[in-house]
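A.B. asks: Contents of upload.txt (compact mmCIF, C-alpha atoms and all ligand atoms):
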# COMPACT_ATOMS: atom_id res chain seq x y z
CA THR A 30 21.26 -4.16 13.13
CA LEU A 31 19.10 -6.12 15.50
CA VAL A 32 15.33 -6.10 14.92
CA LEU A 33 12.35 -7.65 16.71
CA GLY A 34 9.36 -8.47 14.50
CA VAL A 35 5.80 -9.13 15.64
CA GLU A 36 3.17 -10.85 13.46
CA THR A 37 -0.51 -11.19 14.43
CA SER A 38 -2.42 -10.60 11.19
CA CYS A 39 -4.23 -13.92 11.02
CA ASP A 40 -4.26 -16.99 13.26
CA ASP A 41 -0.57 -17.24 14.18
CA THR A 42 0.90 -15.27 17.07
CA ALA A 43 4.53 -14.88 16.08
CA ALA A 44 7.68 -13.00 17.02
CA GLY A 45 11.18 -13.19 15.61
CA VAL A 46 14.55 -11.58 16.22
CA ILE A 47 16.98 -11.17 13.35
CA ARG A 48 20.30 -9.50 12.77
CA ARG A 49 21.09 -7.87 9.43
CA ARG A 50 24.82 -7.98 8.87
CA PRO A 51 26.63 -5.10 7.13
CA ASP A 52 26.97 -7.26 3.99
CA GLY A 53 23.17 -7.54 3.86
CA ALA A 54 23.00 -11.14 5.00
CA CYS A 55 20.49 -12.20 7.63
CA GLU A 56 20.96 -14.18 10.83
CA ILE A 57 17.77 -15.51 12.37
CA LEU A 58 18.32 -15.48 16.13
CA ALA A 59 14.81 -16.48 17.18
CA ASP A 60 11.57 -17.38 15.46
CA VAL A 61 8.66 -18.26 17.74
CA VAL A 62 5.21 -19.11 16.39
CA TRP A 63 2.20 -20.04 18.44
CA ARG A 64 -0.45 -21.48 16.15
CA GLN A 65 -4.12 -21.12 17.04
CA TYR A 66 -5.36 -23.99 14.81
CA ASP A 67 -7.01 -25.87 17.66
CA ARG A 68 -9.09 -22.90 18.73
CA HIS A 69 -10.54 -22.34 15.26
CA ALA A 70 -10.84 -25.99 14.20
CA PRO A 71 -14.35 -26.53 15.62
CA TYR A 72 -15.64 -23.71 13.38
CA GLY A 73 -14.04 -24.90 10.13
CA GLY A 74 -12.19 -21.63 9.57
CA VAL A 75 -10.53 -18.71 11.33
CA VAL A 76 -12.95 -16.80 13.60
CA PRO A 77 -11.72 -13.17 13.82
CA GLU A 78 -12.98 -12.59 17.36
CA ILE A 79 -11.30 -15.75 18.68
CA ALA A 80 -8.10 -14.86 16.82
CA ALA A 81 -7.98 -11.39 18.36
CA ARG A 82 -8.59 -12.70 21.88
CA SER A 83 -5.99 -15.42 21.44
CA HIS A 84 -3.40 -12.90 20.26
CA VAL A 85 -4.09 -10.75 23.35
CA GLU A 86 -3.63 -13.80 25.57
CA ARG A 87 -0.31 -14.90 24.07
CA VAL A 88 1.45 -12.02 22.36
CA ASP A 89 3.49 -10.97 25.43
CA GLN A 90 4.69 -14.50 26.09
CA VAL A 91 5.62 -15.07 22.46
CA ILE A 92 7.65 -11.83 22.33
CA VAL A 93 9.41 -12.54 25.65
CA HIS A 94 10.20 -16.05 24.49
CA ALA A 95 11.66 -14.79 21.19
CA LEU A 96 13.84 -12.22 22.97
CA GLU A 97 15.06 -14.84 25.47
CA LYS A 98 15.92 -17.26 22.70
CA SER A 99 17.83 -14.57 20.84
CA GLY A 100 19.89 -13.85 23.95
CA HIS A 101 18.96 -10.17 23.88
CA ILE A 102 17.01 -7.66 25.92
CA PRO A 103 14.87 -4.88 24.41
CA ALA A 104 17.62 -2.31 25.07
CA ASP A 105 19.85 -4.15 22.55
CA LEU A 106 17.37 -3.70 19.70
CA ASP A 107 17.90 -1.23 16.87
CA ALA A 108 14.22 -1.26 15.93
CA VAL A 109 10.87 -2.93 16.53
CA ALA A 110 8.80 -3.99 13.51
CA ALA A 111 5.21 -5.19 13.50
CA THR A 112 2.64 -6.16 10.90
CA ALA A 113 0.32 -3.16 10.56
CA GLY A 114 -1.90 -4.76 7.90
CA PRO A 115 -3.43 -6.14 5.80
CA GLY A 116 -5.24 -8.75 7.89
CA LEU A 117 -7.89 -9.30 10.52
CA ILE A 118 -8.04 -5.90 12.11
CA GLY A 119 -8.44 -7.09 15.72
CA GLY A 120 -5.32 -9.21 15.51
CA VAL A 121 -3.25 -6.60 13.69
CA MET A 122 -4.18 -4.10 16.40
CA VAL A 123 -2.90 -6.43 19.14
CA GLY A 124 0.55 -7.00 17.63
CA LEU A 125 1.02 -3.42 16.49
CA THR A 126 0.01 -2.09 19.91
CA ALA A 127 2.43 -4.45 21.68
CA ALA A 128 5.23 -3.28 19.36
CA LYS A 129 4.31 0.36 19.93
CA ALA A 130 4.54 -0.17 23.70
CA ILE A 131 8.00 -1.75 23.45
CA ALA A 132 9.27 0.94 21.07
CA LEU A 133 7.94 3.72 23.27
CA ALA A 134 9.20 2.22 26.54
CA HIS A 135 12.71 1.65 25.15
CA ASP A 136 12.83 4.64 22.79
CA LYS A 137 13.43 2.55 19.65
CA PRO A 138 12.35 3.19 16.08
CA LEU A 139 9.05 1.49 15.27
CA ILE A 140 8.46 0.15 11.76
CA PRO A 141 4.88 -0.62 10.69
CA VAL A 142 5.31 -3.41 8.13
CA ASN A 143 2.98 -4.42 5.32
CA HIS A 144 2.46 -8.16 5.86
CA LEU A 145 2.73 -8.74 2.10
CA GLU A 146 6.10 -7.00 2.07
CA GLY A 147 7.14 -9.47 4.77
CA HIS A 148 6.26 -12.34 2.42
CA ALA A 149 7.76 -10.50 -0.58
CA LEU A 150 11.17 -10.17 1.08
CA SER A 151 11.11 -13.51 2.93
CA ALA A 152 13.36 -15.25 0.39
CA ARG A 153 16.16 -12.88 1.40
CA LEU A 154 16.02 -14.21 4.99
CA THR A 155 17.79 -17.41 4.04
CA GLU A 156 19.29 -16.82 0.58
CA ALA A 157 21.02 -14.22 -1.51
CA ALA A 158 18.10 -13.12 -3.67
CA PRO A 159 19.32 -9.92 -5.33
CA PHE A 160 16.89 -7.39 -6.80
CA PRO A 161 15.22 -7.32 -9.23
CA TYR A 162 13.15 -10.47 -9.13
CA LEU A 163 9.76 -11.68 -10.20
CA LEU A 164 7.69 -12.53 -7.13
CA LEU A 165 4.92 -15.10 -7.13
CA LEU A 166 3.06 -14.46 -3.88
CA ILE A 167 0.73 -17.34 -3.08
CA SER A 168 -0.81 -17.16 0.38
CA GLY A 169 -4.11 -17.66 2.15
CA GLY A 170 -5.48 -14.27 1.16
CA HIS A 171 -3.42 -13.22 -1.86
CA THR A 172 -2.24 -14.52 -5.22
CA GLN A 173 -0.17 -12.02 -7.15
CA LEU A 174 2.72 -11.67 -9.57
CA ILE A 175 4.86 -8.67 -8.69
CA ALA A 176 8.03 -7.25 -10.21
CA VAL A 177 10.24 -6.40 -7.23
CA ALA A 178 12.81 -3.73 -8.12
CA GLY A 179 13.93 -3.09 -4.54
CA VAL A 180 12.64 -2.53 -1.01
CA GLY A 181 9.41 -0.57 -1.34
CA ARG A 182 9.52 -0.76 -5.15
CA TYR A 183 6.79 -3.12 -6.28
CA ARG A 184 4.87 -3.31 -9.56
CA ARG A 185 1.90 -5.62 -9.76
CA LEU A 186 1.59 -7.57 -13.00
CA GLY A 187 -1.36 -9.77 -12.16
CA SER A 188 -3.56 -11.07 -9.37
CA THR A 189 -6.45 -13.41 -8.74
CA ILE A 190 -9.83 -12.36 -10.02
CA ASP A 191 -11.63 -14.48 -7.40
CA ASP A 192 -10.18 -16.80 -4.72
CA ALA A 193 -6.57 -16.79 -3.53
CA ALA A 194 -4.58 -19.98 -4.11
CA GLY A 195 -4.45 -20.86 -0.40
CA GLU A 196 -8.15 -20.12 -0.04
CA ALA A 197 -8.83 -22.54 -2.92
CA PHE A 198 -6.81 -25.27 -1.16
CA ASP A 199 -8.66 -24.56 2.09
CA LYS A 200 -12.14 -24.56 0.49
CA THR A 201 -11.42 -27.66 -1.59
CA ALA A 202 -10.10 -29.52 1.46
CA LYS A 203 -13.27 -28.60 3.31
CA LEU A 204 -15.57 -29.86 0.56
CA LEU A 205 -13.57 -33.10 0.35
CA GLY A 206 -13.95 -33.52 4.12
CA LEU A 207 -10.19 -33.27 4.70
CA GLY A 208 -10.40 -30.54 7.37
CA GLN A 209 -8.02 -27.65 7.98
CA PRO A 210 -5.40 -26.40 7.32
CA GLY A 211 -6.42 -27.30 3.79
CA GLY A 212 -3.14 -26.92 1.93
CA PRO A 213 -1.13 -29.54 3.78
CA ARG A 214 -4.18 -31.87 3.99
CA ILE A 215 -4.68 -31.77 0.21
CA GLU A 216 -0.99 -32.30 -0.34
CA SER A 217 -0.88 -35.42 1.86
CA ALA A 218 -4.15 -36.79 0.45
CA ALA A 219 -2.84 -36.31 -3.10
CA VAL A 220 0.19 -38.51 -2.45
CA GLY A 221 -1.83 -41.67 -3.05
CA GLY A 222 -3.98 -40.15 -5.81
CA ARG A 223 -4.08 -40.37 -9.60
CA ALA A 224 -4.42 -36.84 -10.99
CA SER A 225 -5.15 -38.11 -14.51
CA ARG A 226 -8.45 -39.70 -13.47
CA PHE A 227 -10.31 -36.38 -13.65
CA ARG A 228 -9.92 -33.83 -16.39
CA LEU A 229 -10.42 -30.50 -14.62
CA PRO A 230 -10.59 -27.35 -16.78
CA ALA A 231 -7.45 -25.17 -16.88
CA PRO A 232 -8.49 -21.72 -15.55
CA LEU A 233 -8.25 -18.63 -17.82
CA ALA A 234 -6.68 -20.65 -20.62
CA ARG A 235 -7.69 -18.06 -23.20
CA ARG A 236 -7.21 -14.91 -21.16
CA GLU A 237 -4.33 -12.53 -21.88
CA GLY A 238 -2.03 -11.29 -19.13
CA CYS A 239 -1.14 -13.10 -15.93
CA ASP A 240 -4.20 -12.92 -13.70
CA PHE A 241 -5.33 -16.03 -11.84
CA SER A 242 -8.64 -17.71 -11.10
CA PHE A 243 -9.36 -20.57 -8.72
CA SER A 244 -13.08 -20.58 -8.00
CA GLY A 245 -14.01 -22.47 -11.17
CA LEU A 246 -11.49 -25.16 -10.33
CA LYS A 247 -12.92 -25.55 -6.85
CA THR A 248 -16.42 -25.84 -8.32
CA ALA A 249 -15.22 -28.46 -10.82
CA VAL A 250 -13.91 -30.54 -7.91
CA ARG A 251 -17.21 -30.15 -6.08
CA LEU A 252 -19.20 -31.29 -9.13
CA ALA A 253 -16.92 -34.29 -9.67
CA ALA A 254 -17.30 -35.25 -5.99
CA GLU A 255 -21.09 -34.88 -6.18
CA GLU A 256 -21.20 -37.08 -9.27
CA ILE A 257 -19.44 -39.83 -7.32
CA GLY A 258 -21.95 -39.46 -4.48
CA THR A 259 -20.14 -40.89 -1.49
CA PRO A 260 -16.44 -40.63 -2.33
CA THR A 261 -14.16 -43.35 -0.97
CA GLY A 262 -10.71 -42.60 0.37
CA GLN A 263 -9.28 -43.37 -3.06
CA ASP A 264 -11.77 -41.03 -4.76
CA VAL A 265 -10.77 -38.22 -2.40
CA ALA A 266 -7.08 -38.90 -3.04
CA ASP A 267 -7.65 -38.81 -6.82
CA LEU A 268 -9.69 -35.58 -6.57
CA ALA A 269 -7.05 -33.96 -4.34
CA ALA A 270 -4.30 -34.97 -6.78
CA ALA A 271 -6.27 -33.64 -9.77
CA PHE A 272 -7.00 -30.35 -8.02
CA GLN A 273 -3.38 -29.91 -6.95
CA ALA A 274 -1.99 -30.75 -10.39
CA THR A 275 -4.37 -28.32 -12.11
CA ALA A 276 -3.63 -25.55 -9.61
CA ALA A 277 0.12 -26.10 -10.03
CA ALA A 278 -0.15 -26.03 -13.83
CA HIS A 279 -2.25 -22.85 -13.67
CA LEU A 280 0.26 -21.10 -11.39
CA ALA A 281 3.14 -22.10 -13.68
CA ALA A 282 1.29 -21.04 -16.86
CA ARG A 283 0.47 -17.58 -15.55
CA THR A 284 3.98 -17.14 -14.11
CA GLY A 285 5.36 -17.98 -17.56
CA ARG A 286 3.32 -15.10 -18.97
CA ALA A 287 4.70 -12.73 -16.33
CA MET A 288 8.21 -13.87 -17.27
CA ASP A 289 7.45 -12.77 -20.84
CA MET A 290 6.46 -9.34 -19.50
CA VAL A 291 9.65 -8.64 -17.51
CA GLU A 292 12.32 -10.79 -19.14
CA ALA A 293 13.70 -7.94 -21.23
CA ASP A 294 14.47 -5.89 -18.09
CA PHE A 295 15.82 -8.69 -15.94
CA GLY A 296 19.27 -9.25 -17.44
CA ALA A 297 21.23 -12.45 -17.94
CA ASP A 298 20.41 -14.12 -14.61
CA PRO A 299 16.64 -13.64 -14.13
CA ARG A 300 15.17 -14.83 -10.84
CA LEU A 301 11.75 -16.10 -9.80
CA VAL A 302 11.01 -15.90 -6.06
CA VAL A 303 8.04 -17.69 -4.54
CA ALA A 304 6.55 -16.72 -1.17
CA GLY A 305 3.47 -17.28 0.99
CA GLY A 306 2.13 -20.43 2.62
CA VAL A 307 1.22 -22.19 -0.63
CA ALA A 308 4.90 -22.09 -1.63
CA ALA A 309 5.35 -24.96 0.84
CA ASN A 310 3.57 -27.26 -1.65
CA CYS A 311 5.95 -29.69 -3.36
CA ALA A 312 3.84 -30.25 -6.49
CA ILE A 313 3.67 -26.49 -7.04
CA LYS A 314 7.40 -26.12 -6.42
CA ALA A 315 8.06 -28.89 -8.95
CA ALA A 316 5.88 -27.22 -11.61
CA LEU A 317 7.64 -23.89 -11.05
CA LYS A 318 11.05 -25.58 -11.12
CA GLU A 319 10.20 -27.15 -14.45
CA LEU A 320 9.12 -23.74 -15.78
CA ALA A 321 12.21 -21.97 -14.46
CA ASP A 322 14.58 -24.62 -15.86
CA ARG A 323 12.90 -24.54 -19.25
CA ARG A 324 13.15 -20.74 -19.38
CA GLY A 325 16.66 -20.44 -17.92
CA TRP A 326 15.49 -18.69 -14.76
CA ARG A 327 16.74 -19.28 -11.23
CA LEU A 328 14.01 -20.41 -8.81
CA ILE A 329 14.23 -19.32 -5.17
CA VAL A 330 11.77 -20.67 -2.59
CA PRO A 331 12.18 -20.07 1.14
CA PRO A 332 12.03 -23.09 3.49
CA PRO A 333 8.39 -23.92 4.40
CA LYS A 334 8.52 -22.36 7.86
CA TYR A 335 9.40 -18.99 6.36
CA CYS A 336 6.73 -19.36 3.67
CA THR A 337 3.88 -19.37 6.19
CA ASP A 338 3.38 -16.50 8.61
CA ASN A 339 6.27 -15.89 10.99
CA GLY A 340 7.86 -13.09 12.99
CA ALA A 341 11.33 -13.38 11.43
CA MET A 342 10.08 -12.20 8.03
CA ILE A 343 8.45 -9.15 9.63
CA ALA A 344 11.65 -8.36 11.55
CA TRP A 345 13.59 -8.78 8.30
CA ALA A 346 11.26 -6.48 6.34
CA GLY A 347 11.80 -3.94 9.13
CA ALA A 348 15.58 -4.34 8.86
CA GLU A 349 15.43 -3.93 5.08
CA ARG A 350 13.34 -0.76 5.49
CA LEU A 351 15.81 0.53 8.08
CA ALA A 352 18.74 -0.12 5.73
CA ALA A 353 16.89 1.63 2.89
CA GLY A 354 16.09 4.66 5.07
CA LEU A 355 12.36 4.00 4.80
CA VAL A 356 11.48 4.43 8.46
CA PRO A 357 8.94 6.90 9.86
CA SER A 358 9.63 9.03 12.95
CA LEU A 359 8.57 7.47 16.25
CA ALA A 360 5.69 9.95 16.49
CA GLU A 361 4.46 9.01 13.01
CA ALA A 362 4.83 5.31 13.71
CA LEU A 363 2.95 5.56 17.02
CA ALA A 364 0.10 7.28 15.18
CA PHE A 365 0.02 4.60 12.47
CA ALA A 366 -3.41 2.94 12.52
CA PRO A 367 -3.79 -0.77 11.73
CA ARG A 368 -5.15 -1.44 8.23
CA ALA A 369 -7.49 -4.25 7.25
CA ARG A 370 -6.67 -3.58 3.59
CA TRP A 371 -3.31 -2.39 2.36
CA PRO A 372 -2.26 -3.30 -1.21
CA LEU A 373 1.47 -3.79 -1.63
CA ALA A 374 1.30 -2.41 -5.16
CA PRO A 375 -1.61 -0.87 -7.02
CA PRO A 376 -3.40 -3.04 -9.59
CA PRO A 377 -2.37 -2.48 -13.20
CA PRO A 378 -4.14 0.47 -14.88
CA GLY A 379 -7.67 -0.20 -16.04
CA ARG A 380 -8.34 -2.82 -13.42
CA ALA A 381 -10.88 -2.17 -10.73
CA HIS A 382 -10.23 -4.81 -8.09
CA GLY A 383 -7.49 -4.00 -5.63
CA GLY A 384 -7.17 -7.04 -3.37
CA GLY A 385 -6.13 -10.31 -4.98
P1 LIG A 401 -2.05 -13.58 3.71
O1 LIG A 401 -0.58 -13.61 3.84
O2 LIG A 401 -2.51 -13.45 2.28
O3 LIG A 401 -2.71 -12.61 4.63
P2 LIG A 401 -2.07 -15.95 5.32
O4 LIG A 401 -1.03 -15.22 6.07
O5 LIG A 401 -3.22 -16.54 6.04
O6 LIG A 401 -2.61 -15.02 4.14
P3 LIG A 401 0.01 -17.81 4.80
O7 LIG A 401 0.26 -18.04 6.23
O8 LIG A 401 1.07 -17.19 3.99
O9 LIG A 401 -1.38 -17.07 4.49
O10 LIG A 401 -0.38 -19.20 4.14
C1 LIG A 401 -1.46 -19.95 4.61
C2 LIG A 401 -2.08 -20.63 3.41
O11 LIG A 401 -1.11 -21.51 2.82
C3 LIG A 401 -3.30 -21.45 3.75
O12 LIG A 401 -4.32 -21.18 2.82
C4 LIG A 401 -2.79 -22.89 3.62
O13 LIG A 401 -3.78 -23.81 3.23
C5 LIG A 401 -1.73 -22.73 2.55
N1 LIG A 401 -0.76 -23.81 2.62
C6 LIG A 401 0.08 -24.12 3.64
N2 LIG A 401 0.80 -25.22 3.35
C7 LIG A 401 0.41 -25.63 2.12
C8 LIG A 401 0.75 -26.72 1.26
N3 LIG A 401 1.65 -27.64 1.63
N4 LIG A 401 0.12 -26.80 0.06
C9 LIG A 401 -0.77 -25.87 -0.34
N5 LIG A 401 -1.16 -24.84 0.43
C10 LIG A 401 -0.56 -24.71 1.64
FE FE A 402 0.63 -14.37 5.35
Take the structure I supplied and represent it as structure tokens, if you would.

C.D. replies:
Amino acid sequence: TLVLGVETSCDDTAAGVIRRRPDGACEILADVVWRQYDRHAPYGGVVPEIAARSHVERVDQVIVHALEKSGHIPADLDAVAATAGPGLIGGVMVGLTAAKAIALAHDKPLIPVNHLEGHALSARLTEAAPFPYLLLLISGGHTQLIAVAGVGRYRRLGSTIDDAAGEAFDKTAKLLGLGQPGGPRIESAAVGGRASRFRLPAPLARREGCDFSFSGLKTAVRLAAEEIGTPTGQDVADLAAAFQATAAAHLAARTGRAMDMVEADFGADPRLVVAGGVAANCAIKAALKELADRRGWRLIVPPPKYCTDNGAMIAWAGAERLAAGLVPSLAEALAFAPRARWPLAPPPPGRAHGGG
């Protein structure tokens, strides 16, 4: 099956074309991403109105380019998939509407995809990652541990009680004057830093379960920077390294607790899958690798370009839904309204907050 995927939920305008082979393997035929960094940079963060306008300006070109690269025309497609949420509503509307138009014009099934499901299944784009697996989703807006039993079968074990991991990298980079995008800037700055110089508190050390917290860590970095006064390049490198090491240790510690929760059901070859933009971070990957090796788990992390937002993962989620028979009628799909909020799995019982 051949699927076009459109992604416009944040500040990347992206389209991808993939083929799902009968054996379930994926071939990525095209993956085009137009990043809007430059347009948001002057404001120090993503401006929703600018994002929406930029998606309108480029979405057609990006889709046409992806189709050309794949060597296909719309008539060849088996389905069109688009992110329908969660995300910045103006942007989601642009991509979803473009996909609706293509599906309607060419009479193809339309698959509204949950962006988080795109991330959740992204490991299967490039590797055999059989179900079930434990998913650590670490992106700009979400930080969650989810037991993935199959396509559309997600159980949330824990999530952040304040900032998302990527958000913490972005905010910390900003307060250290490193600019955006924060994650990669912190990672490069940390290369020349000594993490051991600052002792930052480990978040939620005494709390049961596998929730996360990052805002205290960010504040600890701010206080340490303020104590220095005017940090030198070396101070910033040391602070970045300390932040990154503490964040990595926190992610690994909480993931270890989630492993305890599911291990009994996961059989002899348990798997940990990491997804979302923060999964591009090498220090975090190393901490998770150490955890997985120690526990006898297999660690699966997609290549960095499929960790951050892209169209191929949305096309793939669409193909997986198609294969699982989880596709609405065209009339239902055309009536599907974009969603700013759309949890992939409900929070565990007794917990109020739904985002994370
Ligand atoms: P969501 O998927 O939750 O809606 P998003 O789509 O904006 O959020 P992604 O594109 O998955 O998030 O990831 C972007 C985030 O990943 C940003 O916060 C960015 O700082 C972070 N990030 C990217 N590369 C790295 C890195 N090398 N180290 C740490 N963080 C990184
Ligand atoms: Fe994302």

A.B. asks: CA of Ile175 (chain A) to CA of Thr37 (chain A): how many Å, to one decimal?

C.D. replies: 23.9 Å

A.B. asks: Hey, which residues sit close to ligand FE 402 (chain A)? Say within 7 Å, counting only C-alpha atoms and all ligand atoms, and write them as a PyMOL selection string.

C.D. replies: chain A and resi 144-145+148+168-169+305-306+337-338

A.B. asks: How many Å lie between CA of Ala277 (chain A) and CA of Ala346 (chain A), rounded to one decimal?

C.D. replies: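 Spanning CA of Ala277 (chain A) to CA of Ala346 (chain A) is a straight-line distance of 27.9 Å.
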
A.B. asks: From the set A:Val85, A:Ala134, A:Val91, A:Ala266, which residue has the shortest atom-to-atom contact distance to Leu359 (chain A), counting only C-alpha atoms?

C.D. replies: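 Checking each candidate against Leu359 (chain A), we get A:Ala134 as the closest.
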
A.B. asks: Taking (23.1, -11.2, 3.6) in the file's coordinates as the center, which residues reach within 9 Å of it, counting only C-alpha atoms, put as number ranges by chain?

C.D. replies: A: 49-56, 153-157

A.B. asks: Can you pull out the residues contacting Val302 (chain A)? Cut-off 7 Å, using all atoms listed in the file, and skip same-chain residues under 2 positions away; I want them as a list of chain:residue names.

C.D. replies: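 Neighbouring residues, sequence-local ones excluded: A:Ala152, A:Tyr162, A:Leu163, A:Leu164, A:Leu165, A:Arg300, A:Ala304, A:Leu328, A:Ile329, A:Val330.
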
A.B. asks: List as CSV every residue of chain A that is in contact with ligand LIG 401 (chain A), defined as an atom at most 6 Å from one of its atoms (using all atoms listed in the file), together with the nearest atom pair and the distance in Å rounded to one decimal, sorted by chain and then rising number.

C.D. replies:
residue,atom,partner,partner_atom,distance
A:Cys39,CA,A:LIG401,O5,5.7
A:Gly116,CA,A:LIG401,O3,5.7
A:Ser168,CA,A:LIG401,O8,4.1
A:Gly169,CA,A:LIG401,O12,3.6
A:Gly170,CA,A:LIG401,O2,3.3
A:His171,CA,A:LIG401,O2,4.2
A:Gly195,CA,A:LIG401,O12,3.2
A:Glu196,CA,A:LIG401,O12,4.9
A:Phe198,CA,A:LIG401,O13,5.5
A:Asp199,CA,A:LIG401,O13,5.1
A:Pro210,CA,A:LIG401,O13,5.1
A:Gly211,CA,A:LIG401,O13,4.4
A:Gly212,CA,A:LIG401,N5,3.2
A:Pro213,CA,A:LIG401,N3,4.0
A:Glu216,CA,A:LIG401,N4,5.6
A:Gly305,CA,A:LIG401,O8,3.8
A:Gly306,CA,A:LIG401,O10,3.2
A:Val307,CA,A:LIG401,N5,3.7
A:Ala309,CA,A:LIG401,N3,4.6
A:Asn310,CA,A:LIG401,N3,3.8
A:Thr337,CA,A:LIG401,O7,3.9
A:Asp338,CA,A:LIG401,O7,4.2

A.B. asks: Which of these residues is nearest to Leu133 (chain A), using only C-alpha atoms: A:Ala364, A:Leu150, A:Val121, A:Leu373?

C.D. replies: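 For Leu133 (chain A), the nearest of the given residues is A:Ala364.
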
A.B. asks: Taking all atoms listed in the file into account, name the residue in A:Ala108, A:Ala218, A:Val75, A:Leu252 that is nearest to Leu33 (chain A).

C.D. replies: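 For Leu33 (chain A), the nearest of the given residues is A:Ala108.
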
A.B. asks: So, with all atoms listed in the file as the atoms that count, which of A:Asp136, A:Asp192, A:Glu361, A:Asp264 lies closest to Ile167 (chain A)?

C.D. replies: A:Asp192

A.B. asks: What is the distance between CA of Lys137 (chain A) and CA of Glu36 (chain A), in Å to one decimal?

C.D. replies: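 These atoms are spaced 18.0 Å apart.
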
A.B. asks: Between A:Pro115, A:Gly340, A:Pro232, A:Gly347, single out the one closest to Ile57 (chain A), counting only C-alpha atoms.

C.D. replies: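 Residue with the minimum atom-to-atom distance to Ile57 (chain A): A:Gly340.
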
A.B. asks: Could you check the closest approach to Glu292 (chain A) for each of A:Trp345, A:Phe272, A:Tyr183, A:Trp326 and tell me which residue wins, using all atoms listed in the file?

C.D. replies: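 The answer is A:Trp326, which sits nearest to Glu292 (chain A).
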
A.B. asks: Give me the residues within 12 Å of Ser225 (chain A) as a PyMOL selection string, counting all atoms listed in the file and dropping any in the same chain fewer than 6 places off.

C.D. replies: chain A and resi 219+266-275

A.B. asks: Kindly provide, as lines of an AutoDock Vina configuration file, the centre and edge lengths (Å, one decimal) of an axis-aligned box around all atoms of region 153-167 of chain A given in the file, with 4 Å on each side.

C.D. replies:
center_x = 10.9
center_y = -12.4
center_z = -2.6
size_x = 28.3
size_y = 18.1
size_z = 23.2

A.B. asks: If you take all atoms listed in the file and a cut-off of 12 Å, which residues of region 125-174 of chain A touch region 374-377 of chain A, and what are their nearest atom pairs and distances in Å to one decimal, in chain and number order, as JSON lines?

C.D. replies:
{"residue": "A:Asn143", "atom": "CA", "partner": "A:Ala374", "partner_atom": "CA", "distance": 10.8}
{"residue": "A:Leu145", "atom": "CA", "partner": "A:Ala374", "partner_atom": "CA", "distance": 9.7}
{"residue": "A:Glu146", "atom": "CA", "partner": "A:Ala374", "partner_atom": "CA", "distance": 9.8}
{"residue": "A:Ala149", "atom": "CA", "partner": "A:Ala374", "partner_atom": "CA", "distance": 11.3}
{"residue": "A:Gln173", "atom": "CA", "partner": "A:Pro376", "partner_atom": "CA", "distance": 9.9}
{"residue": "A:Leu174", "atom": "CA", "partner": "A:Ala374", "partner_atom": "CA", "distance": 10.4}

A.B. asks: For a cut-off of 12 Å around (20.1, -10.1, -15.5), file coordinates, pick out all residues using only C-alpha atoms and list them as an MDAnalysis selection string.

C.D. replies: chainID A and resid 159:163 291:301 325:327

A.B. asks: Would you export the selected residues with C-alpha atoms as a tab-separated table (two decimals), in the coordinates of the input, please?

C.D. replies:
chain	number	residue	atom	x	y	z
A	159	PRO	CA	19.32	-9.92	-5.33
A	160	PHE	CA	16.89	-7.39	-6.80
A	161	PRO	CA	15.22	-7.32	-9.23
A	162	TYR	CA	13.15	-10.47	-9.13
A	163	LEU	CA	9.76	-11.68	-10.20
A	291	VAL	CA	9.65	-8.64	-17.51
A	292	GLU	CA	12.32	-10.79	-19.14
A	293	ALA	CA	13.70	-7.94	-21.23
A	294	ASP	CA	14.47	-5.89	-18.09
A	295	PHE	CA	15.82	-8.69	-15.94
A	296	GLY	CA	19.27	-9.25	-17.44
A	297	ALA	CA	21.23	-12.45	-17.94
A	298	ASP	CA	20.41	-14.12	-14.61
A	299	PRO	CA	16.64	-13.64	-14.13
A	300	ARG	CA	15.17	-14.83	-10.84
A	301	LEU	CA	11.75	-16.10	-9.80
A	325	GLY	CA	16.66	-20.44	-17.92
A	326	TRP	CA	15.49	-18.69	-14.76
A	327	ARG	CA	16.74	-19.28	-11.23

A.B. asks: Can I get region 125-131 of chain A with N, CA and C atoms filled in, as a PDB file, in the frame of the given file?

C.D. replies:
ATOM      1  N   LEU A 125       0.492  -4.769  16.731  1.00  0.00           N
ATOM      2  CA  LEU A 125       1.020  -3.420  16.490  1.00  0.00           C
ATOM      3  C   LEU A 125       1.067  -2.637  17.800  1.00  0.00           C
ATOM      4  N   THR A 126       0.043  -2.811  18.634  1.00  0.00           N
ATOM      5  CA  THR A 126       0.010  -2.090  19.910  1.00  0.00           C
ATOM      6  C   THR A 126       1.122  -2.588  20.843  1.00  0.00           C
ATOM      7  N   ALA A 127       1.340  -3.898  20.850  1.00  0.00           N
ATOM      8  CA  ALA A 127       2.430  -4.450  21.680  1.00  0.00           C
ATOM      9  C   ALA A 127       3.771  -3.876  21.221  1.00  0.00           C
ATOM     10  N   ALA A 128       3.964  -3.815  19.903  1.00  0.00           N
ATOM     11  CA  ALA A 128       5.230  -3.280  19.360  1.00  0.00           C
ATOM     12  C   ALA A 128       5.370  -1.799  19.681  1.00  0.00           C
ATOM     13  N   LYS A 129       4.269  -1.063  19.592  1.00  0.00           N
ATOM     14  CA  LYS A 129       4.310   0.360  19.930  1.00  0.00           C
ATOM     15  C   LYS A 129       4.749   0.548  21.386  1.00  0.00           C
ATOM     16  N   ALA A 130       4.207  -0.286  22.276  1.00  0.00           N
ATOM     17  CA  ALA A 130       4.540  -0.170  23.700  1.00  0.00           C
ATOM     18  C   ALA A 130       6.031  -0.412  23.927  1.00  0.00           C
ATOM     19  N   ILE A 131       6.572  -1.438  23.270  1.00  0.00           N
ATOM     20  CA  ILE A 131       8.000  -1.750  23.450  1.00  0.00           C
ATOM     21  C   ILE A 131       8.856  -0.622  22.897  1.00  0.00           C
TER      22      ILE A 131
END
